[in-house]
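Visitor: Got a structure for you, start.cif, holding mmCIF, C-alpha atoms.
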```cif
data_run
loop_
_atom_site.label_atom_id
_atom_site.label_comp_id
_atom_site.auth_asym_id
_atom_site.auth_seq_id
_atom_site.Cartn_x
_atom_site.Cartn_y
_atom_site.Cartn_z
CA MET L 35 74.96 -48.13 -11.10
CA SER L 36 75.35 -45.49 -13.82
CA ASN L 37 71.81 -44.17 -13.30
CA VAL L 38 72.27 -43.59 -9.56
CA ARG L 39 72.05 -39.91 -8.68
CA SER L 40 75.42 -38.60 -7.59
CA ASP L 41 75.31 -36.95 -4.18
CA LYS L 42 76.71 -33.50 -3.65
CA PRO L 43 77.71 -31.77 -0.43
CA PHE L 44 75.19 -29.65 1.43
CA THR L 45 76.71 -26.20 1.15
CA LEU L 46 75.48 -22.85 2.45
CA ALA L 47 77.28 -19.58 1.87
CA GLY L 48 80.45 -21.42 0.94
CA ARG L 49 80.53 -23.74 3.95
CA THR L 50 79.84 -27.48 3.73
CA TYR L 51 77.86 -29.42 6.33
CA GLN L 52 77.53 -33.15 6.99
CA SER L 53 74.06 -32.98 8.55
CA ARG L 54 71.05 -31.97 6.46
CA LEU L 55 68.93 -31.39 9.55
CA LEU L 56 68.66 -27.83 10.88
CA VAL L 57 66.95 -27.38 14.21
CA GLY L 58 65.43 -24.59 16.25
CA THR L 59 66.19 -23.83 19.87
CA GLY L 60 62.82 -22.68 21.22
CA LYS L 61 59.99 -24.39 23.14
CA TYR L 62 62.17 -26.74 25.21
CA ARG L 63 61.71 -27.04 28.98
CA ASP L 64 65.13 -25.64 29.74
CA LEU L 65 68.60 -25.15 28.29
CA GLU L 66 69.70 -28.63 29.32
CA GLU L 67 66.92 -30.29 27.33
CA THR L 68 67.80 -27.98 24.44
CA ARG L 69 71.40 -29.11 24.55
CA LEU L 70 70.60 -32.81 24.77
CA ALA L 71 68.00 -32.75 21.98
CA ILE L 72 70.26 -30.88 19.60
CA GLU L 73 73.15 -33.22 20.34
CA ALA L 74 70.87 -36.19 19.61
CA SER L 75 69.75 -34.64 16.31
CA GLY L 76 73.28 -34.45 14.96
CA ALA L 77 72.48 -30.98 13.60
CA GLU L 78 75.34 -28.60 12.90
CA ILE L 79 73.18 -25.52 12.24
CA VAL L 80 70.89 -24.24 14.98
CA THR L 81 68.51 -21.36 14.46
CA VAL L 82 67.90 -18.81 17.20
CA ALA L 83 65.07 -16.28 17.51
CA VAL L 84 67.04 -13.14 18.37
CA ARG L 85 63.95 -11.33 19.67
CA ARG L 86 63.15 -14.12 22.13
CA THR L 87 66.45 -15.73 23.06
CA ASN L 88 69.44 -14.30 24.87
CA ILE L 89 72.65 -14.64 22.87
CA GLY L 90 74.43 -11.86 24.72
CA GLN L 91 72.07 -8.91 24.44
CA ASN L 92 70.82 -9.43 28.02
CA PRO L 93 73.86 -9.61 30.35
CA GLY L 94 73.23 -11.53 33.57
CA GLU L 95 70.58 -13.82 32.04
CA PRO L 96 71.18 -17.43 30.89
CA ASN L 97 72.89 -17.34 27.52
CA LEU L 98 72.01 -19.95 24.91
CA LEU L 99 75.55 -19.81 23.55
CA ASP L 100 76.83 -21.29 26.81
CA VAL L 101 75.21 -24.63 25.92
CA LEU L 102 75.40 -24.30 22.12
CA PRO L 103 78.82 -22.72 21.58
CA PRO L 104 79.49 -21.10 18.18
CA ASP L 105 82.75 -23.02 17.84
CA ARG L 106 80.71 -26.23 17.69
CA TYR L 107 77.52 -25.08 15.95
CA THR L 108 76.73 -22.63 13.19
CA ILE L 109 74.36 -20.21 14.85
CA LEU L 110 71.61 -19.15 12.46
CA PRO L 111 69.90 -16.05 13.88
CA ASN L 112 66.33 -15.66 12.70
CA THR L 113 63.80 -12.85 12.67
CA ALA L 114 60.88 -14.77 14.20
CA GLY L 115 58.40 -12.36 15.73
CA CYS L 116 58.98 -9.69 13.08
CA PHE L 117 55.95 -8.48 11.13
CA ASP L 118 57.52 -5.95 8.75
CA ALA L 119 60.71 -5.48 6.80
CA ILE L 120 62.06 -2.72 9.04
CA GLU L 121 61.88 -4.92 12.15
CA ALA L 122 63.46 -7.85 10.34
CA VAL L 123 66.39 -5.84 8.99
CA ARG L 124 67.02 -4.28 12.40
CA THR L 125 67.03 -7.73 14.03
CA CYS L 126 69.55 -9.10 11.53
CA ARG L 127 71.83 -6.14 12.11
CA LEU L 128 71.67 -6.74 15.87
CA ALA L 129 72.47 -10.43 15.38
CA ARG L 130 75.50 -9.60 13.24
CA GLU L 131 76.76 -7.28 15.96
CA LEU L 132 76.23 -9.85 18.72
CA LEU L 133 77.88 -12.64 16.72
CA ASP L 134 80.99 -10.73 15.67
CA GLY L 135 80.12 -10.06 12.06
CA HIS L 136 78.24 -13.30 11.35
CA ASN L 137 76.38 -12.86 8.04
CA LEU L 138 74.28 -16.03 7.72
CA VAL L 139 70.69 -15.27 8.77
CA LYS L 140 67.23 -16.74 8.45
CA LEU L 141 64.77 -14.11 7.26
CA GLU L 142 61.24 -14.64 8.51
CA VAL L 143 58.61 -11.89 8.19
CA LEU L 144 55.21 -13.02 9.43
CA ALA L 145 51.78 -11.87 8.30
CA ASP L 146 49.83 -12.41 11.51
CA GLN L 147 49.95 -13.99 14.95
CA LYS L 148 47.28 -16.61 14.20
CA THR L 149 48.73 -18.45 11.21
CA LEU L 150 52.38 -17.27 11.24
CA PHE L 151 52.12 -17.38 7.46
CA PRO L 152 54.87 -15.39 5.70
CA ASN L 153 54.16 -11.86 4.53
CA VAL L 154 55.82 -12.20 1.15
CA ILE L 155 55.64 -8.48 0.32
CA GLU L 156 57.57 -7.50 3.44
CA THR L 157 59.85 -10.53 3.01
CA LEU L 158 60.88 -9.36 -0.45
CA LYS L 159 61.55 -5.84 0.85
CA ALA L 160 63.71 -7.11 3.71
CA ALA L 161 65.59 -9.61 1.54
CA GLU L 162 66.56 -6.90 -0.93
CA VAL L 163 68.02 -4.71 1.83
CA LEU L 164 69.83 -7.54 3.59
CA VAL L 165 71.44 -8.92 0.44
CA LYS L 166 72.70 -5.43 -0.43
CA GLU L 167 74.18 -5.16 3.09
CA GLY L 168 76.18 -8.35 2.61
CA PHE L 169 74.04 -10.80 4.56
CA ASP L 170 73.76 -14.43 3.44
CA VAL L 171 70.00 -14.73 3.51
CA MET L 172 68.11 -17.98 3.97
CA VAL L 173 64.49 -17.03 3.59
CA TYR L 174 61.27 -18.52 4.95
CA THR L 175 58.59 -18.06 2.33
CA SER L 176 55.33 -19.35 0.93
CA ASP L 177 55.31 -22.33 -1.42
CA ASP L 178 54.79 -20.02 -4.39
CA PRO L 179 57.33 -20.94 -7.12
CA ILE L 180 57.30 -17.39 -8.52
CA ILE L 181 58.22 -15.85 -5.16
CA ALA L 182 60.95 -18.46 -4.72
CA ARG L 183 62.32 -17.53 -8.15
CA GLU L 184 62.34 -13.81 -7.25
CA LEU L 185 64.16 -14.44 -3.97
CA GLU L 186 66.80 -16.50 -5.75
CA ALA L 187 67.27 -13.81 -8.40
CA MET L 188 67.64 -11.24 -5.62
CA GLY L 189 70.64 -13.13 -4.24
CA CYS L 190 69.32 -15.19 -1.34
CA VAL L 191 71.49 -18.23 -0.57
CA ALA L 192 68.56 -20.58 0.13
CA VAL L 193 64.78 -20.57 -0.11
CA MET L 194 62.75 -22.29 2.59
CA PRO L 195 59.12 -22.78 1.59
CA LEU L 196 56.77 -23.86 4.32
CA ALA L 197 55.46 -27.43 4.16
CA GLY L 198 52.58 -26.48 6.44
CA LEU L 199 51.86 -23.68 8.89
CA ILE L 200 54.49 -23.13 11.59
CA GLY L 201 53.89 -25.47 14.52
CA SER L 202 51.00 -27.27 12.80
CA GLY L 203 52.69 -30.65 12.32
CA LEU L 204 50.57 -31.17 9.20
CA GLY L 205 53.44 -32.32 7.02
CA ILE L 206 53.80 -31.36 3.35
CA CYS L 207 50.40 -29.94 2.44
CA ASN L 208 51.18 -29.01 -1.17
CA PRO L 209 53.84 -31.30 -2.65
CA TYR L 210 53.05 -30.10 -6.17
CA ASN L 211 54.18 -26.51 -5.60
CA LEU L 212 57.22 -27.75 -3.73
CA ARG L 213 58.13 -29.98 -6.66
CA VAL L 214 58.02 -27.01 -9.06
CA ILE L 215 60.28 -25.00 -6.75
CA LEU L 216 62.72 -27.91 -6.57
CA GLU L 217 62.78 -28.29 -10.35
CA GLU L 218 63.53 -24.62 -10.97
CA ALA L 219 65.82 -23.58 -8.11
CA LYS L 220 69.58 -23.32 -8.56
CA ILE L 221 70.11 -22.65 -4.84
CA PRO L 222 69.35 -24.98 -1.91
CA VAL L 223 65.67 -25.56 -1.16
CA LEU L 224 64.85 -26.48 2.44
CA VAL L 225 61.46 -27.36 3.85
CA ASP L 226 60.75 -25.06 6.78
CA ALA L 227 57.66 -25.36 8.99
CA GLY L 228 54.94 -27.98 9.13
CA VAL L 229 57.00 -31.12 9.81
CA GLY L 230 55.33 -33.16 12.55
CA THR L 231 57.11 -36.49 12.61
CA ALA L 232 59.95 -38.44 11.05
CA SER L 233 58.03 -39.56 7.97
CA ASP L 234 57.31 -35.92 7.02
CA ALA L 235 61.04 -35.17 7.05
CA THR L 236 61.79 -38.29 5.01
CA ILE L 237 59.23 -37.34 2.35
CA ALA L 238 60.77 -33.86 2.00
CA MET L 239 64.19 -35.39 1.49
CA GLU L 240 62.88 -38.03 -0.94
CA MET L 241 61.47 -35.19 -3.05
CA GLY L 242 64.97 -33.72 -3.39
CA CYS L 243 65.12 -31.02 -0.72
CA GLU L 244 68.68 -30.19 0.31
CA ALA L 245 67.73 -30.17 3.99
CA VAL L 246 64.88 -29.70 6.46
CA LEU L 247 64.55 -27.13 9.24
CA MET L 248 62.32 -27.89 12.22
CA ASN L 249 61.68 -26.96 15.83
CA SER L 250 58.20 -27.83 17.09
CA ALA L 251 58.31 -31.40 15.78
CA ILE L 252 61.16 -32.12 18.18
CA ALA L 253 60.54 -29.73 21.05
CA ASN L 254 56.80 -30.51 21.31
CA ALA L 255 57.21 -34.29 21.08
CA GLN L 256 56.44 -36.30 24.20
CA HIS L 257 60.11 -37.26 24.32
CA PRO L 258 62.09 -34.56 22.47
CA ILE L 259 65.50 -36.20 22.75
CA ILE L 260 64.23 -39.47 21.25
CA MET L 261 62.39 -37.57 18.51
CA ALA L 262 65.56 -35.64 17.70
CA GLN L 263 67.36 -38.91 17.08
CA ALA L 264 64.46 -40.16 14.96
CA MET L 265 64.67 -37.03 12.83
CA LYS L 266 68.40 -37.55 12.32
CA TYR L 267 67.78 -41.00 10.85
CA ALA L 268 64.73 -39.83 8.89
CA ILE L 269 66.76 -37.18 7.10
CA GLU L 270 69.52 -39.67 6.30
CA ALA L 271 67.06 -42.30 5.04
CA GLY L 272 65.20 -39.78 2.90
CA ARG L 273 68.39 -38.55 1.27
CA LEU L 274 69.51 -42.09 0.47
CA ALA L 275 66.08 -42.92 -0.98
CA TYR L 276 66.24 -39.80 -3.16
CA LEU L 277 69.66 -40.79 -4.45
CA ALA L 278 68.56 -44.39 -5.08
CA GLY L 279 65.34 -43.51 -6.91
CA ARG L 280 62.14 -45.22 -5.86
CA MET L 281 60.43 -47.98 -7.83
CA PRO L 282 57.54 -46.94 -10.10
CA LYS L 283 54.08 -46.96 -8.55
CA LYS L 284 51.75 -49.58 -10.03
CA LEU L 285 48.08 -50.35 -9.67
CA TYR L 286 48.90 -53.95 -8.79
CA ALA L 287 51.99 -56.09 -8.35
CA SER L 288 53.71 -58.06 -11.12
CA ALA L 289 55.44 -61.37 -10.66
CA SER L 290 59.06 -61.13 -9.56
CA SER L 291 60.09 -63.66 -12.22
CA PRO L 292 58.64 -64.22 -15.72
CA LEU L 293 56.28 -67.13 -16.20
CA ASP L 294 57.76 -68.15 -19.56
CA GLY L 295 59.88 -71.27 -19.42
CA LEU L 296 58.24 -72.79 -16.35
CA ILE L 297 57.88 -76.58 -16.35
CA LYS L 298 54.26 -77.45 -17.01
#
```
Take the structure in this file and express it as structure tokens.
Guide:
Amino acid sequence: MSNVRSDKPFTLAGRTYQSRLLVGTGKYRDLEETRLAIEASGAEIVTVAVRRTNIGQNPGEPNLLDVLPPDRYTILPNTAGCFDAIEAVRTCRLARELLDGHNLVKLEVLADQKTLFPNVIETLKAAEVLVKEGFDVMVYTSDDPIIARELEAMGCVAVMPLAGLIGSGLGICNPYNLRVILEEAKIPVLVDAGVGTASDATIAMEMGCEAVLMNSAIANAQHPIIMAQAMKYAIEAGRLAYLAGRMPKKLYASASSPLDGLIK
């Protein structure tokens, strides 16, 4: 057992989590389905689009925090819907105010409405400002290893390269770039965007990702609560497979036992 990879806790900004599945809170039918799906997922970190979801900025409207209380979940405010650094920084500042000084944020600066691909230039600008202001920045980015390296050097607490376009469900489209990021990074690497089903999440974990963040794969499933449970097990299975180390791939099978010494 000496060659078994030793596991290490999943830690973000000094806090340790049992679940390696992070989930979004958008696209569900209602708050009750949101609550049930997230409970089924076992997730401890839930990400919230501050520009689209009420977490206290709209008094009198249904508040997401009533069904996902901050004393039970780590609320991860994100900047979805922001298309430049100024908007993103302003949104993070608002989230910190609404959440009583909460510093952990997901930075997401998009390039356009069609692809929702990250605008890495604006992302770098926003990350630099936020880190200087004391935010713990988890950052959605392209699968460019050089950009990931720059974000780490800047002081981000995690890099989250997309596996595929947001909401596409295409799975990991470029495993080779992701592998380079994983080999070089000294901070947690999480797949963010593109996961469509449980096997996609398992593959990300088998590659060595610290965790996976998803929303559409659960919320847009025919049965979100069942899919949330499937994702919980997929993440756990993928982590165990990564720790165990898979068998080598071969062109064809070899006999389980040697042929030498058989009675002829």
Visitor: Hey, what's within 8 Å of Gly279 in chain L if we count only C-alpha atoms and toss same-chain stuff fewer than 2 positions away? As number ranges by chain, please?
Guide: L: 38-39, 275-277, 281
Visitor: How many Å lie between CA of Val82 in chain L and CA of Pro43 in chain L, rounded to one decimal?
Guide: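 It comes out at 24.0 Å.
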Visitor: Around the point (59.2, -8.1, -5.7) in the file's coordinates, collect all residues with an atom within 8 Å, using all atoms listed in the file, and return them as a JSON list (two decimals) with C-alpha atoms, keeping the file's coordinate frame.
Guide:
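Resulting contents of point03.json:
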```json
[["chain", "number", "residue", "atom", "x", "y", "z"],
["L", 155, "ILE", "CA", 55.64, -8.48, 0.32],
["L", 158, "LEU", "CA", 60.88, -9.36, -0.45],
["L", 159, "LYS", "CA", 61.55, -5.84, 0.85],
["L", 181, "ILE", "CA", 58.22, -15.85, -5.16],
["L", 184, "GLU", "CA", 62.34, -13.81, -7.25]]
```
Visitor: Apply the PyMOL selection byres ((chain L and resi 168) around 12) to the file shown and report the selected residues as number ranges by chain.
Guide: L: 47, 123, 126-127, 130, 135-139, 161-167, 169-171, 189-191
Visitor: Please expand the PyMOL selection byres ((chain L and resi 244-248) around 7) into the concrete residues it hits in this file, giving the result as a list in words.
Guide: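 Those residues are Phe44, Arg54, Leu55, Leu56, Val57, Gly58, Pro222, Val223, Leu224, Val225, Asp226, Ala227, Val229, Ala235, Met239, Gly242, Cys243, Asn249, Ser250 and Ala251 of chain L.
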Visitor: Could you state the separation of CA of Ser233 in chain L and CA of Tyr267 in chain L in Å, given to one decimal place?
Guide: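 Straight-line distance from CA of Ser233 in chain L to CA of Tyr267 in chain L works out to 10.3 Å.
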Visitor: So how many Å separate CA of Ile206 in chain L and CA of Ala182 in chain L, to one decimal?
Guide: 16.8 Å
Visitor: To verify the selection step, state as a list of chain:residue names which residues the PyMOL selection byres ((chain L and resi 268) around 9) yields on this input.
Guide: L:Ala232, L:Ser233, L:Asp234, L:Ala235, L:Thr236, L:Ile237, L:Met239, L:Gln263, L:Ala264, L:Met265, L:Lys266, L:Tyr267, L:Ile269, L:Glu270, L:Ala271, L:Gly272, L:Arg273
Visitor: So, with only C-alpha atoms as the atoms that count, which of L:Val84, L:Ala238, L:Leu199, L:Ile259 lies closest to Ala122 in chain L?
Guide: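 Checking each of L:Val84, L:Ala238, L:Leu199, L:Ile259 against Ala122 in chain L, counting only C-alpha atoms, the winner is L:Val84.
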Visitor: Counting all atoms listed in the file, which of L:Leu46, L:Arg183, L:Ser288, L:Pro258 gets nearest to Glu66 in chain L?
Guide: L:Pro258
Visitor: With distances taken over only C-alpha atoms, which residue among L:Pro179, L:Ala278, L:Gly228, L:Leu65 lies nearest Asp41 in chain L?
Guide: L:Ala278
Visitor: Check the smallest atom-to-atom distance from each of L:Gly48, L:Ala187, L:Asn254, L:Leu128 to Glu218 in chain L using all atoms listed in the file, then report the winner.
Guide: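 Under the stated criterion, the closest residue is L:Ala187.
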Visitor: With only C-alpha atoms as the atoms that count, which of L:Thr108, L:Val154, L:Thr87, L:Asp134 lies nearest to Ser53 in chain L?
Guide: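 Smallest separation from Ser53 in chain L among the options: L:Thr108.
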Visitor: Which of these residues is nearest to Gly198 in chain L, using only C-alpha atoms: L:Leu98, L:Ile72, L:Leu212, L:Ala129?
Guide: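 For Gly198 in chain L, the nearest of the candidates is L:Leu212.
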